[in-house]
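Colleague: To start, I am sharing the structure in question, which I have written as structure tokens.
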Amino acid sequence: MTAPKALDTPYAAPRIFGPEYRAASLGILLCVTLVAFEGMSVGVVMPAISEELDALNLYGMSFSAFLIGGLFANVVAGLWSDRKGYGLPFIAGITLFVIGMALAGAALNKELFVLARVVQGLGGGSTIVAIYVMIARVYAPEARGRIFAAISAAWVVPAMVGPAVAGLVADTVGWRWVFYGICPLIVPALLMLLPALRQSSRGTPEPGARALPRVMAAAATAGGAALLLFGVDRVHTSPVEGSLATVGGLALLVLGLPRLLPKGALRFARGLPTTIMMRGMYSAAFFGVNSFIPLMLTQVKQFGTAEAGIALTTGALGWSAGAYLQSRSGYPAEKLLRIGAAAVLVGVLGTMLTALPLVSGWIAVPAWIVGGLGMGISVTTVGVTMLRQSPEAEQGKNSAAMQVMDTLGSALAIGVGGALINLIGHAPAQISTGFVVIALLMGAVSLAAVVIASRVRT
């Protein structure tokens with residue numbers, strides 16, 4: 001009688017909360033939970049902020065400023081992570097994020113608030129790329145789908161209580177304490193992350209890779225996006241200035257963006273290039289509508305701040321459910337991405353019904369559950385597929401490219417949406433019309449994602 005061979009031993013898939021991954025998983029999930037509270041809270045209190053700071057004309061830009069700052073930080077953090085490990089970019093990102101939160105709470109005018117959002121974006125962009133590289137370096141490939149699903153699930157508690165808590169805080173002690181209250185939570189999160197951060201290791205950058213050209217390309221892309229959105233927003237009031245800014249912004253994007261993406265991405269070449277581009281399409285379609293749901297419900301349907309946040313809550317819950325289903329699915333990536341895009345399309349068109357006078361605003365709740373479900377399926381699939389298609393030496397670069405498209409898609413969609421609201425007008429009926437136009441545009445983006453999804457297959 002002989003001992004069983006290693007090949008005879010049943011294979012047990014690694015558990016993300018097993019001894020090997022427990023510290024990293026807890027640290028990542030605590031950090032994501034903290035960021036999730038901020039994300040859910042800011043979306044809910046933005047109408048109140050706009051009213052107090054007289055910033056309704058900068059409603060979309062307040063979101064886009066965060067994303068544009070994140071776009072630049074995505075690239076820098078990716079390069080930094082590939083060369084020095086993910087530890088330092090993660091700590092720098094979290095520090096900037098908290099500084100931005102404190103500045104936002106202290107802002108006395110809309111210009112300072114937008115600046116604070118840029119600082120938050122720099123921190124958030126660096127943090128999320130460092131987390132992606134951490135997952136790539138720490139977790140076995142078969143465990144990555146589970147940690148991505150757990151990250152999505154980490155949004156559940158903030159999604160359930162974040163909007164209600166933010167609305168209650170804004171209605172009682174004021175919206176500023178929504179920002180101040182999150183800052184101290186970083187201390188326990190960092191303490192829990194120390195063991196995971198000690199595992200940070202230096203990467204092996206691709207041969208010939210140079211940091212300065214990519215940093216300059218990131219600056220051109222971020223600056224181009226900001227200039228483009230400024231121009232689009234100004235063209236109806238100052239046609240010459242707006243047109244020049246729009247053309248200048250497009251020129252900077254054409255100059256910088258191709259240098260941040262895999263070769264062939266802008267023509268949707270098969271495999272990794274399309275995988276990266278799909279992330280931007282999903283983010284544009286979903287967040288281009290998501291950011292304006294509270295505005296629509298509070299200004300047109302007369303919802304309270306906390307009530308309007310319920311729709312965002314259900315979207316996040318649907319997102320978590322979609323991520324869980326994705327982690328248990330055996331479907332190929334292209335099929336999951338097609339299903340996810342179709343669900344986002346249904347959700348976007350469903351929320352558009354809130355603009356009808358005789359339709360209750362509560363229709364946004366089931367509609368956004370479906371939209372969130374689609375995002376949970378799609379975003380998790382894109383993340384897992386990107387890492388599978390990336391050589392180890394390019395994990396940081398490709399994670400950054402994916403986040404560039406994520407933030408650029410969201411920033412452009414939200415910025416254009418804000419420009420449409422400003423163009424059409426701020427009266428309730430005009431906001432309703434603007435919301436319909438935004439939903440139709442984002443629905444078209446979702447439909448395009450359904451068609452293109454098959455190209456992620458190599």
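To be explicit about the labels: the chains of the structure tokens are called A, B, and onward in the order shown, and within each one the residues are counted from 1, while ligands get numbers from 1 in the order they are shown.
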Show me, as a list in words, the residues that have an atom within 7 Å of Met402 (chain A) when counting only C-alpha atoms, minus same-chain residues fewer than 4 positions from it.
Modeller: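 Here the qualifying residues turn out to be Ile276, Arg279, Asn398 and Asp406 of chain A.
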Colleague: Now that the selection is made, can you save its residues with all heavy atoms as a compact mmCIF listing (two decimals), in the first residue's frame?
Modeller:
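Written file, again_14.txt:
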```
# COMPACT_ATOMS: atom_id res chain seq x y z
N ILE A 276 -10.24 46.70 -21.93
CA ILE A 276 -9.99 47.99 -21.30
C ILE A 276 -11.06 49.00 -21.70
O ILE A 276 -11.59 49.73 -20.86
CB ILE A 276 -8.59 48.51 -21.70
CG1 ILE A 276 -7.48 47.56 -21.19
CG2 ILE A 276 -8.38 49.93 -21.18
CD1 ILE A 276 -7.31 47.50 -19.71
N ARG A 279 -14.60 48.87 -20.00
CA ARG A 279 -14.76 49.45 -18.65
C ARG A 279 -15.25 50.89 -18.74
O ARG A 279 -16.11 51.32 -17.97
CB ARG A 279 -13.44 49.37 -17.91
CG ARG A 279 -13.47 49.91 -16.49
CD ARG A 279 -14.42 49.11 -15.59
NE ARG A 279 -14.31 49.55 -14.22
CZ ARG A 279 -13.54 48.96 -13.30
NH1 ARG A 279 -12.83 47.90 -13.63
NH2 ARG A 279 -13.50 49.43 -12.08
N ASN A 398 -1.66 48.04 -17.01
CA ASN A 398 -2.98 47.72 -17.54
C ASN A 398 -4.09 48.01 -16.52
O ASN A 398 -5.20 48.39 -16.91
CB ASN A 398 -3.03 46.27 -17.99
CG ASN A 398 -2.21 46.03 -19.24
OD1 ASN A 398 -1.94 46.95 -20.00
ND2 ASN A 398 -1.76 44.80 -19.44
N ASP A 406 -12.20 53.93 -16.96
CA ASP A 406 -13.29 54.01 -15.98
C ASP A 406 -13.56 55.46 -15.60
O ASP A 406 -14.70 55.94 -15.65
CB ASP A 406 -12.92 53.18 -14.75
CG ASP A 406 -14.01 53.20 -13.69
OD1 ASP A 406 -14.91 52.35 -13.76
OD2 ASP A 406 -13.96 54.07 -12.80
```
Colleague: Report as a Markdown table: every residue of region 345-424 of chain A with an atom at most 7 Å from region 330-338 of chain A, its closest pair of atoms, and their distance in Å to one decimal, counting only C-alpha atoms, with rows sorted by chain and ascending residue number.
Modeller:
```
| residue | atom | partner | partner_atom | distance |
| --- | --- | --- | --- | --- |
| A:Ile377 | CA | A:Leu336 | CA | 6.6 |
| A:Ser378 | CA | A:Leu337 | CA | 5.1 |
| A:Thr381 | CA | A:Ala333 | CA | 6.3 |
```
Colleague: Can I get the selected residues back with C-alpha atoms, as a PDB file, in the first residue's frame?
Modeller:
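Saved the output as selection.pdb:
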```pdb
ATOM      1  CA  ILE A 377     -21.640  41.388 -13.497  1.00  0.00           C
ATOM      2  CA  SER A 378     -19.712  43.544 -15.955  1.00  0.00           C
ATOM      3  CA  THR A 381     -15.758  40.361 -15.322  1.00  0.00           C
TER       4      THR A 381
END
```
Colleague: Near Ala189 (chain A), within 6 Å and counting only C-alpha atoms, which residues show up once chain neighbours fewer than 3 positions away are dropped, as a PyMOL selection string?
Modeller: chain A and resi 30-31+186+192
Colleague: Residues near region 116-126 of chain A, anyone? I mean within 6 Å using only C-alpha atoms, not counting same-chain ones fewer than 2 positions away, as a list in words.
Modeller: Ala65, Phe66, Leu67, Gly69, Gly70, Ala73, Asn74, Ala77, Gly93, Ile94, Leu96, Phe97, Gly100, Leu103, Ala104, Phe113, Val114, Ile128 and Val129 of chain A
Colleague: Env of Arg455 (chain A): 9 Å cut, atoms = only C-alpha atoms, seq-sep filter 2 positions within chain, self excluded. Answer as number ranges by chain.
Modeller: A: 268-271, 274-275, 334, 451-453, 457-458
Colleague: Might you pull out every residue within 12 Å of Gly39 (chain A), with only C-alpha atoms counted and same-chain residues fewer than 5 positions away left off, and present them as a VMD selection string?
Modeller: chain A and resid 32 to 34 44 to 46 63 66 to 67 97 101 117 120 to 121 124 155 158 to 159 162 to 163 166 178 to 179 182 287 290 to 291 309 312 to 313 316
Colleague: Using only C-alpha atoms, find the one residue out of A:Ala341, A:Ile16, A:Ala219, A:Ile293 that sits nearest to Ser454 (chain A).
Modeller: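 Closest to Ser454 (chain A) of all the choices is A:Ala341.
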Colleague: With a distance cut-off of 12 Å and only C-alpha atoms, select the neighbouring residues of Phe303 (chain A), excluding the residue or stretch itself and same-chain residues fewer than 4 positions from it, and output the selection as a VMD selection string.
Modeller: chain A and resid 44 47 167 293 to 299 307 to 311 360 to 362
Colleague: As number ranges by chain, please: all residues of region 111-233 of chain A that backbone DSSP puts in helix (DSSP H, G or I).
Modeller: A: 111-138, 141-153, 156-172, 176-198, 211-233
Colleague: Using only C-alpha atoms, which residue out of A:Val254, A:Leu112, A:Ile431, A:Ala400 lies closest to Phe72 (chain A)?
Modeller: A:Ala400
